[in-house]
>>> print(open('data.txt').read())   # compact mmCIF, C-alpha atoms
# COMPACT_ATOMS: atom_id res chain seq x y z
CA MET A 101 21.89 -1.93 12.43
CA HIS A 102 19.10 -3.90 10.84
CA ILE A 103 17.11 -2.06 8.17
CA ASP A 104 14.20 -3.61 6.34
CA TYR A 105 13.07 -2.49 2.94
CA GLN A 106 10.10 -2.74 0.66
CA ILE A 107 10.01 -1.88 -3.02
CA VAL A 108 6.94 0.28 -3.43
CA SER A 109 7.01 1.12 -7.10
CA PHE A 110 8.83 0.56 -10.35
CA HIS A 111 9.06 3.15 -13.10
CA ARG A 112 10.03 1.33 -16.25
CA PRO A 113 10.66 4.33 -18.55
CA THR A 114 13.41 5.64 -16.26
CA ALA A 115 14.45 2.21 -14.91
CA SER A 116 14.02 3.43 -11.36
CA ILE A 117 12.38 2.05 -8.27
CA GLN A 118 10.99 3.61 -5.14
CA VAL A 119 12.17 1.81 -2.02
CA ARG A 120 10.88 2.31 1.48
CA TYR A 121 13.48 1.60 4.16
CA PHE A 122 12.22 1.12 7.68
CA ASN A 123 13.01 -0.45 11.03
CA ALA A 124 11.86 -0.22 14.63
CA ASP A 125 13.53 3.17 15.06
CA LEU A 126 11.85 4.62 12.01
CA PRO A 127 8.74 2.49 11.45
CA ASP A 128 7.24 4.93 8.95
CA GLY A 129 10.36 4.58 6.96
CA ILE A 130 11.97 6.74 4.35
CA ILE A 131 11.29 6.38 0.66
CA PHE A 132 14.08 6.81 -1.82
CA ALA A 133 14.26 6.56 -5.57
CA LEU A 134 17.02 4.38 -6.94
CA ASN A 135 18.13 4.22 -10.54
CA LEU A 136 18.69 0.70 -11.73
CA PRO A 137 21.71 -0.08 -13.89
CA VAL A 138 20.72 -1.48 -17.27
CA VAL A 139 23.26 -3.98 -18.58
CA ASN A 140 22.70 -5.32 -22.09
CA GLY A 141 19.12 -4.18 -21.85
CA GLN A 142 18.57 -6.21 -18.71
CA LEU A 143 17.57 -4.85 -15.33
CA PRO A 144 19.03 -6.39 -12.17
CA ARG A 145 16.97 -9.16 -10.67
CA GLY A 146 17.01 -11.48 -7.70
CA GLU A 147 20.08 -11.27 -5.51
CA ALA A 148 21.66 -8.53 -7.59
CA LEU A 149 18.64 -6.31 -7.06
CA GLU A 150 18.57 -7.18 -3.38
CA GLN A 151 22.24 -6.25 -2.98
CA LEU A 152 21.71 -2.99 -4.84
CA VAL A 153 18.79 -2.02 -2.62
CA LYS A 154 20.61 -3.01 0.57
CA SER A 155 23.74 -1.12 -0.40
CA HIS A 156 21.71 2.08 -0.71
CA ALA A 157 20.09 1.79 2.71
CA PRO A 158 20.34 5.18 4.43
CA ARG A 159 22.15 3.91 7.52
CA ASP A 160 23.11 7.41 8.59
CA ALA A 161 19.48 8.51 8.83
CA PHE A 162 18.47 5.44 10.78
CA GLU A 163 21.34 5.88 13.22
CA ARG A 164 20.21 9.45 13.79
CA ALA A 165 16.64 8.29 14.22
CA ALA A 166 17.78 5.76 16.81
CA ALA A 167 19.65 8.50 18.64
CA LEU A 168 16.58 10.74 18.57
CA ARG A 169 14.38 7.92 19.77
CA ASN A 170 16.59 7.29 22.75
CA ALA A 171 16.74 10.97 23.64
CA ASP A 172 13.96 12.78 25.49
CA VAL A 173 11.36 13.85 22.97
CA PRO A 174 9.91 17.29 23.70
CA ASP A 175 6.15 17.60 23.82
CA GLU A 176 6.13 19.93 20.81
CA LEU A 177 6.73 16.92 18.59
CA SER A 178 3.24 15.69 19.27
CA HIS A 179 1.60 18.74 17.69
CA VAL A 180 -0.59 17.54 14.92
CA ALA A 181 0.55 18.65 11.50
CA ALA A 182 2.95 21.18 12.93
CA PRO A 183 5.92 22.02 10.75
CA ALA A 184 8.87 20.03 11.88
CA ALA A 185 11.63 21.72 13.78
CA PRO A 186 15.02 21.47 12.12
CA ALA A 187 16.62 18.15 12.91
CA SER A 188 19.50 16.16 11.64
CA ILE A 189 17.15 13.96 9.66
CA ASP A 190 15.97 17.03 7.77
CA GLN A 191 19.35 17.57 6.23
CA PHE A 192 19.71 14.01 5.20
CA LEU A 193 16.41 14.09 3.44
CA GLU A 194 17.61 17.03 1.39
CA GLY A 195 14.55 19.18 1.49
CA GLN A 196 11.89 16.54 1.84
CA LEU A 197 9.25 17.82 4.20
CA PHE A 198 7.79 16.01 7.10
CA VAL A 199 5.23 16.72 9.76
CA HIS A 200 4.35 15.07 12.99
CA GLU A 201 1.07 13.46 13.80
CA ASP A 202 0.58 11.72 17.11
CA ARG A 203 4.32 11.40 17.46
CA GLN A 204 4.58 9.52 14.18
CA ARG A 205 6.72 11.10 11.53
CA ILE A 206 5.00 11.31 8.20
CA PHE A 207 7.19 12.02 5.25
CA LEU A 208 5.72 14.02 2.44
CA ILE A 209 7.28 12.23 -0.43
CA ARG A 210 4.55 12.70 -2.99
CA PRO A 211 4.24 12.68 -5.88
CA LEU A 212 5.60 9.19 -5.87
CA ILE A 213 4.54 8.03 -9.26
CA GLU A 214 3.15 9.99 -12.12
CA GLU A 215 2.52 7.35 -14.69
CA GLN A 216 -0.53 5.16 -14.77
CA SER A 217 0.92 1.72 -14.97
CA LEU A 218 -1.60 -0.36 -13.09
CA ASP A 219 -1.63 -3.89 -14.44
CA ILE A 220 -5.32 -4.19 -13.66
CA PRO A 221 -7.65 -2.41 -16.09
CA LEU A 222 -8.81 0.97 -14.86
CA GLU A 223 -12.20 2.24 -15.97
CA VAL A 224 -12.83 5.93 -15.40
CA ILE A 225 -16.52 6.73 -15.55
CA MET B 276 11.93 -12.18 -3.88
CA SER B 277 8.84 -10.32 -2.89
CA PHE B 278 5.80 -9.22 -4.81
CA THR B 279 6.03 -6.93 -7.82
CA TYR B 280 4.17 -3.66 -7.93
CA THR B 281 2.63 -1.24 -10.34
CA ALA B 282 1.09 1.97 -9.16
CA GLY B 283 -0.59 5.17 -10.21
CA TYR B 284 -2.84 7.99 -9.16
CA VAL B 285 -6.58 7.65 -9.58
CA GLY B 286 -8.51 10.74 -8.53
CA PRO B 287 -7.73 11.41 -4.86
CA PHE B 288 -6.24 7.95 -4.40
CA SER B 289 -2.83 6.45 -4.80
CA VAL B 290 -3.42 2.93 -6.04
CA SER B 291 -0.91 0.13 -6.20
CA VAL B 292 -1.29 -3.44 -7.36
CA GLY B 293 0.89 -6.07 -5.70
CA ARG B 294 1.28 -9.28 -7.62
CA GLY B 295 2.91 -12.41 -6.26
CA ARG B 296 3.82 -15.62 -8.01
CA ASP B 297 3.21 -18.86 -6.16
CA GLY B 298 5.25 -19.01 -2.95
CA ARG B 299 6.43 -15.41 -3.07
CA ILE B 300 6.47 -13.64 0.26
CA GLN B 301 5.81 -9.99 0.99
CA ARG B 302 6.38 -8.41 4.35
CA PHE B 303 3.92 -5.64 4.86
CA ARG B 304 3.76 -2.87 7.41
CA HIS B 305 1.19 -0.22 7.89
CA PRO B 306 2.75 3.22 7.97
CA LEU B 307 0.67 4.28 10.94
CA PRO B 308 -0.85 2.45 13.89
CA ILE B 309 -4.40 1.47 13.17
CA HIS B 310 -6.53 1.50 16.26
CA ARG B 311 -9.79 1.73 14.42
CA ILE B 312 -10.60 0.63 10.91
CA GLU B 313 -12.09 4.02 10.09
CA LEU B 314 -8.73 5.68 10.77
CA SER B 315 -6.85 3.61 8.28
CA ARG B 316 -4.82 5.37 5.63
CA GLN B 317 -4.77 2.30 3.43
CA ALA B 318 -7.30 -0.18 2.17
CA THR B 319 -6.12 -3.53 0.89
CA PHE B 320 -8.25 -5.92 -1.09
CA ILE B 321 -7.30 -9.26 -2.62
CA VAL B 322 -8.42 -9.40 -6.23
CA SER B 323 -7.13 -12.78 -7.40
CA GLY B 324 -5.63 -15.99 -6.10
CA ARG B 325 -5.17 -16.89 -2.47
CA MET B 326 -2.79 -15.63 0.16
CA ALA B 327 -1.67 -16.98 3.51
CA LEU B 328 -1.33 -14.26 6.13
CA THR B 329 0.55 -14.34 9.43
CA TRP B 330 0.93 -11.50 11.90
CA SER B 331 4.22 -10.83 13.68
CA THR B 332 2.63 -10.40 17.11
CA ASP B 333 0.89 -13.75 16.86
CA GLU B 334 2.66 -16.07 14.47
CA THR B 335 0.42 -18.92 15.45
CA PHE B 336 -2.50 -17.12 13.86
CA ARG B 337 -2.45 -18.00 10.17
CA LYS B 338 -5.24 -17.19 7.83
CA GLU B 339 -5.83 -17.92 4.19
CA LEU B 340 -7.75 -15.36 2.21
CA GLY B 341 -9.07 -15.41 -1.32
CA PRO B 342 -10.61 -12.77 -3.58
CA GLY B 343 -12.46 -10.27 -1.44
CA GLY B 344 -10.13 -10.68 1.54
CA ALA B 345 -8.65 -7.62 3.25
CA PHE B 346 -5.52 -7.40 5.36
CA VAL B 347 -6.82 -5.17 8.16
CA GLU B 348 -10.48 -6.11 8.19
CA ASP B 349 -9.69 -9.81 8.25
CA ALA B 350 -6.95 -9.57 10.88
CA PRO B 351 -7.41 -11.46 14.14
CA PRO B 352 -10.27 -9.89 16.06
CA ASN B 353 -9.76 -7.63 19.07
CA ARG B 354 -6.18 -6.89 18.21
CA PRO B 355 -5.40 -3.68 16.34
CA MET B 356 -2.55 -3.45 13.89
CA ALA B 357 0.24 -1.74 15.84
CA VAL B 358 2.76 0.56 14.27
CA ASP B 359 5.46 -2.05 14.46
CA GLU B 360 3.09 -4.82 13.48
CA GLU B 361 4.29 -6.75 10.51
CA LEU B 362 2.14 -8.81 8.25
CA VAL B 363 3.66 -11.56 6.15
CA ILE B 364 1.79 -12.45 3.00
CA GLN B 365 2.57 -15.58 1.04
CA ALA B 366 1.05 -16.11 -2.35
CA ILE B 367 -0.71 -19.43 -2.79
CA GLY B 368 -0.70 -19.75 -6.52
CA ASP B 369 -0.45 -16.55 -8.53
CA SER B 370 -2.30 -13.86 -6.67
CA ALA B 371 -2.73 -10.11 -6.48
CA TYR B 372 -4.04 -7.45 -4.18
CA VAL B 373 -4.89 -3.80 -4.58
CA CYS B 374 -3.77 -1.24 -2.02
CA VAL B 375 -5.56 2.10 -2.03
CA GLU B 376 -4.10 4.98 -0.10
CA ALA B 377 -5.45 8.48 0.31
CA ILE B 378 -3.38 11.32 -1.04
CA GLY B 379 -2.78 13.88 1.68
CA VAL B 380 -1.15 13.56 5.01
CA GLN B 381 -4.27 13.59 7.12
CA GLN B 382 -6.57 12.00 4.60
CA LYS B 383 -7.99 8.58 5.43
CA VAL B 384 -9.79 5.99 3.39
CA ARG B 385 -12.80 3.92 4.29
CA MET B 386 -13.50 0.64 2.58
CA GLN B 387 -16.80 -1.19 2.40
CA ARG B 388 -16.95 -4.66 0.98
CA PHE B 389 -19.85 -6.06 -1.00
CA VAL B 390 -20.75 -9.04 -3.12
CA ILE B 391 -22.25 -8.14 -6.46
CA GLU B 392 -24.99 -10.69 -6.99
CA PRO B 393 -27.50 -11.27 -9.77
CA GLY B 394 -30.29 -8.76 -9.37
CA ASN B 395 -28.38 -6.95 -6.66
CA PRO B 396 -26.22 -4.29 -8.32
CA ILE B 397 -23.84 -2.09 -6.37
CA GLN B 398 -24.20 1.68 -6.49
CA VAL B 399 -20.87 3.47 -6.38
CA PRO B 400 -21.00 7.18 -5.47
CA ARG B 401 -19.21 9.77 -7.55
CA TYR B 402 -15.53 10.23 -6.59
CA ASP B 403 -15.41 6.79 -4.99
CA LEU B 404 -13.18 3.98 -6.16
CA ALA B 405 -14.48 0.46 -6.72
CA VAL B 406 -12.22 -2.56 -6.87
CA VAL B 407 -13.71 -5.72 -8.30
CA ALA B 408 -12.15 -9.11 -7.61
CA GLN B 409 -11.53 -11.93 -10.05
CA GLY B 410 -14.69 -13.34 -11.57
CA ASP B 411 -15.23 -15.74 -14.44
CA HIS B 412 -18.17 -13.82 -15.82
CA PRO B 413 -18.64 -10.44 -17.46
CA LEU B 414 -19.31 -7.38 -15.40
CA TYR B 415 -21.61 -4.53 -16.35
CA ALA B 416 -20.74 -0.93 -15.50
CA ASP B 417 -23.83 1.22 -16.11
CA GLY B 418 -25.01 -1.47 -18.48
CA ARG B 419 -21.78 -1.59 -20.48
CA GLU B 420 -20.34 -5.09 -20.61
CA LEU B 421 -16.73 -5.58 -19.55
CA PRO B 422 -14.63 -8.73 -19.76
CA ALA B 423 -14.19 -10.91 -16.71
CA GLY B 424 -11.27 -10.25 -14.35
CA PRO B 425 -10.18 -7.80 -11.68
CA ARG B 426 -11.03 -4.17 -12.44
CA ILE B 427 -10.67 -0.79 -10.84
CA PHE B 428 -13.38 1.81 -11.38
CA TYR B 429 -13.36 5.48 -10.55
CA GLY B 430 -16.44 7.69 -10.75
CA ARG B 431 -14.85 10.87 -12.04
CA THR B 432 -17.96 12.40 -13.57
CA LYS B 433 -20.86 10.59 -11.96
CA ALA B 434 -22.05 7.81 -9.72
CA PHE B 435 -22.33 4.44 -11.41
CA GLU B 436 -23.74 0.97 -11.03
CA LEU B 437 -21.97 -2.38 -11.15
CA GLN B 438 -23.86 -5.55 -11.83
CA SER B 439 -23.13 -9.13 -12.79
CA SER B 440 -24.95 -12.34 -13.54
CA HIS B 441 -22.80 -14.10 -10.92
CA SER B 442 -21.43 -13.36 -7.47
CA ILE B 443 -18.29 -11.21 -7.47
CA ALA B 444 -16.55 -9.63 -4.48
CA CYS B 445 -16.22 -5.87 -4.64
CA ALA B 446 -14.83 -3.09 -2.45
CA VAL B 447 -15.95 0.53 -2.53
CA ILE B 448 -13.41 2.96 -1.15
CA THR B 449 -14.02 6.56 -0.24
CA THR B 450 -11.93 9.28 1.32
CA ALA B 451 -12.76 10.17 4.89
>>> encode(input="data.txt", output="structure tokens")
Amino acid sequence: MHIDYQIVSFHRPTASIQVRYFNADLPDGIIFALNLPVVNGQLPRGEALEQLVKSHAPRDAFERAAALRNADVPDELSHVAAPAAPASIDQFLEGQLFVHEDRQRIFLIRPLIEEQSLDIPLEVI
Amino acid sequence: MSFTYTAGYVGPFSVSVGRGRDGRIQRFRHPLPIHRIELSRQATFIVSGRMALTWSTDETFRKELGPGGAFVEDAPPNRPMAVDEELVIQAIGDSAYVCVEAIGVQQKVRMQRFVIEPGNPIQVPRYDLAVVAQGDHPLYADGRELPAGPRIFYGRTKAFELQSSHSIACAVITTA
């Protein structure tokens, strides 16, 4: 199963990254936090980082999403902002909430990042 | 390798800055289908350098954008970004863009783009976010001089005015 990923944030103090995994079965994706191993003060880069991210891809969740996508989807899923009915994906996400909006699953994964680390100056007026 | 990112919360917005060295590629997907610009959950705005953009549903359509460019607004006309639409961004030289997303599941953002020109300041309403692209000349926020370069402004306590002695691209983003 092909799973794409995108690194959405990097938290230097805890050496962790937020990665969004997605594919055609789960286009909204799922965001996970991964702790990066620090070896001799160095963080993984390039291929090592890529391998680390790929090895943590939640294949189980995407397989379940593919199964759900192929099954008949009841109309209740289209209710806007309705609490999600228990599903196998729920358990995998370990308590992360999600709601449905126009049949698109939206994962409530905030707060994503608490620190202000923008590398462009921010002026609050 | 793809772009590198920094991010943080600014008022009601989640802001991230994507920075790409020359030749770096970033695949980009919108989390929701965008049928109308005003329903977008994200606003993207190029603040420095140039980027070449191609869209997965029409790989023959390639567009180069510089400071002031936006991924959705400058997409091929008459073709909405679909949920499985993928945008590939390649940095031409060192370049950066700002992505502003609304906090809240049903919250949207609306972006308006302007050019700050001499004698034509931009008024930014309170609680709005302004993103200013790369410029070689100082910028003035309510008369206070700031060094040249990309900047993000947030009107936490009041509306404010941006002006410059030269033309600079600017985006004003509000929640909708």
>>> closest_residue(input="data.txt", among="A:Gly146, A:Pro137, A:Pro158, A:Pro113", to="chain B", atoms="only C-alpha atoms")
A:Gly146
>>> closest_residue(input="data.txt", among="B:Gln317, B:Gln438, B:Thr329, B:Ser323", to="Gly424 (chain B)", atoms="only C-alpha atoms")
B:Ser323
>>> closest_atom_pairs(input="data.txt", of="chain B", to="chain A", cutoff="6 Å", atoms="only C-alpha atoms", output="Markdown table")
| residue | atom | partner | partner_atom | distance |
| --- | --- | --- | --- | --- |
| B:Tyr280 | CA | A:Ser109 | CA | 5.6 |
| B:Thr281 | CA | A:Leu218 | CA | 5.1 |
| B:Ala282 | CA | A:Leu218 | CA | 5.3 |
| B:Gly283 | CA | A:Gln216 | CA | 4.6 |
| B:Pro306 | CA | A:Asp128 | CA | 4.9 |
| B:Arg426 | CA | A:Pro221 | CA | 5.3 |
| B:Ile427 | CA | A:Leu222 | CA | 4.8 |
| B:Phe428 | CA | A:Glu223 | CA | 4.8 |
| B:Tyr429 | CA | A:Val224 | CA | 4.9 |
| B:Gly430 | CA | A:Ile225 | CA | 4.9 |
| B:Arg431 | CA | A:Ile225 | CA | 5.7 |
>>> write_last_selection(input="data.txt", atoms="C-alpha atoms", output="PDB file, keeping the file's coordinate frame")
ATOM      1  CA  TYR B 280       4.170  -3.660  -7.930  1.00  0.00           C
ATOM      2  CA  THR B 281       2.630  -1.240 -10.340  1.00  0.00           C
ATOM      3  CA  ALA B 282       1.090   1.970  -9.160  1.00  0.00           C
ATOM      4  CA  GLY B 283      -0.590   5.170 -10.210  1.00  0.00           C
ATOM      5  CA  PRO B 306       2.750   3.220   7.970  1.00  0.00           C
ATOM      6  CA  ARG B 426     -11.030  -4.170 -12.440  1.00  0.00           C
ATOM      7  CA  ILE B 427     -10.670  -0.790 -10.840  1.00  0.00           C
ATOM      8  CA  PHE B 428     -13.380   1.810 -11.380  1.00  0.00           C
ATOM      9  CA  TYR B 429     -13.360   5.480 -10.550  1.00  0.00           C
ATOM     10  CA  GLY B 430     -16.440   7.690 -10.750  1.00  0.00           C
ATOM     11  CA  ARG B 431     -14.850  10.870 -12.040  1.00  0.00           C
TER      12      ARG B 431
END
>>> atom_distance(input="data.txt", atom1="CA of Gly295 (chain B)", atom2="CA of Gln365 (chain B)")
8.0 Å
>>> closest_residue(input="data.txt", among="A:Ala165, A:Ile117, A:Ile130, A:Val138", to="Val153 (chain A)", atoms="only C-alpha atoms")
A:Ile117
>>> residues_around(input="data.txt", residues="Asp349 (chain B)", least_positions_apart="3", cutoff="10 Å", atoms="all atoms listed in the file", output="list in words")
Leu328, Lys338, Glu339, Leu340, Gly344, Ala345, Phe346 and Pro352 of chain B
>>> residues_around(input="data.txt", residues="region 384-394 of chain B", least_positions_apart="2", cutoff="6 Å", atoms="all atoms listed in the file", output="ChimeraX atom specification")
/B:313,316,377,396,439-451
>>> atom_distance(input="data.txt", atom1="CA of Ser370 (chain B)", atom2="CA of Phe435 (chain B)")
27.5 Å
>>> atom_distance(input="data.txt", atom1="CA of Thr319 (chain B)", atom2="CA of Tyr372 (chain B)")
6.7 Å
>>> closest_residue(input="data.txt", among="A:Val139, A:Leu152, A:Ile131, A:Ala166", to="Gln118 (chain A)", atoms="all atoms listed in the file")
A:Ile131
>>> residues_around(input="data.txt", residues="Leu136 (chain A)", least_positions_apart="4", cutoff="7 Å", atoms="only C-alpha atoms", output="PyMOL selection string")
chain A and resi 115-116+143
>>> axis_aligned_box(input="data.txt", around="region 105-109 of chain A", padding_each_side="6 Å", output="lines of an AutoDock Vina configuration file")
center_x = 10.0
center_y = -0.8
center_z = -2.1
size_x = 18.1
size_y = 15.9
size_z = 22.0
>>> closest_residue(input="data.txt", among="B:Met326, B:Ala350, B:Ala371, B:Leu437", to="Asn395 (chain B)", atoms="all atoms listed in the file")
B:Leu437
>>> residues_around(input="data.txt", residues="Val322 (chain B)", least_positions_apart="6", cutoff="7 Å", atoms="only C-alpha atoms", output="PDB file with C-alpha atoms, in the coordinates of the input")
ATOM      1  CA  PRO B 342     -10.610 -12.770  -3.580  1.00  0.00           C
ATOM      2  CA  GLY B 343     -12.460 -10.270  -1.440  1.00  0.00           C
ATOM      3  CA  ALA B 371      -2.730 -10.110  -6.480  1.00  0.00           C
ATOM      4  CA  TYR B 372      -4.040  -7.450  -4.180  1.00  0.00           C
ATOM      5  CA  VAL B 373      -4.890  -3.800  -4.580  1.00  0.00           C
ATOM      6  CA  VAL B 407     -13.710  -5.720  -8.300  1.00  0.00           C
ATOM      7  CA  ALA B 408     -12.150  -9.110  -7.610  1.00  0.00           C
ATOM      8  CA  GLN B 409     -11.530 -11.930 -10.050  1.00  0.00           C
ATOM      9  CA  PRO B 425     -10.180  -7.800 -11.680  1.00  0.00           C
TER      10      PRO B 425
END
>>> decode(input="data.txt", residues="region 409-421 of chain B", atoms="N, CA and C atoms", output="mmCIF file, in the first residue's frame")
data_model
loop_
_atom_site.group_PDB
_atom_site.id
_atom_site.type_symbol
_atom_site.label_atom_id
_atom_site.label_comp_id
_atom_site.auth_asym_id
_atom_site.auth_seq_id
_atom_site.Cartn_x
_atom_site.Cartn_y
_atom_site.Cartn_z
ATOM 1 N N GLN B 409 8.933 39.645 0.294
ATOM 2 C CA GLN B 409 10.289 40.203 0.259
ATOM 3 C C GLN B 409 10.319 41.552 -0.445
ATOM 4 N N GLY B 410 10.951 42.519 0.175
ATOM 5 C CA GLY B 410 11.149 43.813 -0.451
ATOM 6 C C GLY B 410 12.518 44.321 -0.052
ATOM 7 N N ASP B 411 13.121 45.128 -0.900
ATOM 8 C CA ASP B 411 14.469 45.613 -0.606
ATOM 9 C C ASP B 411 14.456 46.929 0.148
ATOM 10 N N HIS B 412 13.272 47.368 0.546
ATOM 11 C CA HIS B 412 13.176 48.677 1.185
ATOM 12 C C HIS B 412 12.408 48.559 2.498
ATOM 13 N N PRO B 413 12.656 49.498 3.406
ATOM 14 C CA PRO B 413 11.988 49.419 4.708
ATOM 15 C C PRO B 413 10.479 49.498 4.568
ATOM 16 N N LEU B 414 9.843 48.971 5.586
ATOM 17 C CA LEU B 414 8.390 48.980 5.654
ATOM 18 C C LEU B 414 8.017 49.769 6.902
ATOM 19 N N TYR B 415 6.878 50.406 6.864
ATOM 20 C CA TYR B 415 6.433 51.198 8.018
ATOM 21 C C TYR B 415 5.104 50.639 8.516
ATOM 22 N N ALA B 416 5.093 50.226 9.779
ATOM 23 C CA ALA B 416 3.859 49.752 10.399
ATOM 24 C C ALA B 416 3.409 50.824 11.374
ATOM 25 N N ASP B 417 2.308 51.493 11.066
ATOM 26 C CA ASP B 417 1.838 52.629 11.866
ATOM 27 C C ASP B 417 2.958 53.654 12.061
ATOM 28 N N GLY B 418 3.725 53.856 11.021
ATOM 29 C CA GLY B 418 4.775 54.859 11.064
ATOM 30 C C GLY B 418 6.092 54.366 11.613
ATOM 31 N N ARG B 419 6.116 53.188 12.210
ATOM 32 C CA ARG B 419 7.347 52.649 12.781
ATOM 33 C C ARG B 419 8.119 51.915 11.692
ATOM 34 N N GLU B 420 9.377 52.294 11.527
ATOM 35 C CA GLU B 420 10.167 51.699 10.447
ATOM 36 C C GLU B 420 10.657 50.310 10.818
ATOM 37 N N LEU B 421 10.522 49.389 9.869
ATOM 38 C CA LEU B 421 10.994 48.016 10.065
ATOM 39 C C LEU B 421 11.952 47.668 8.940
#
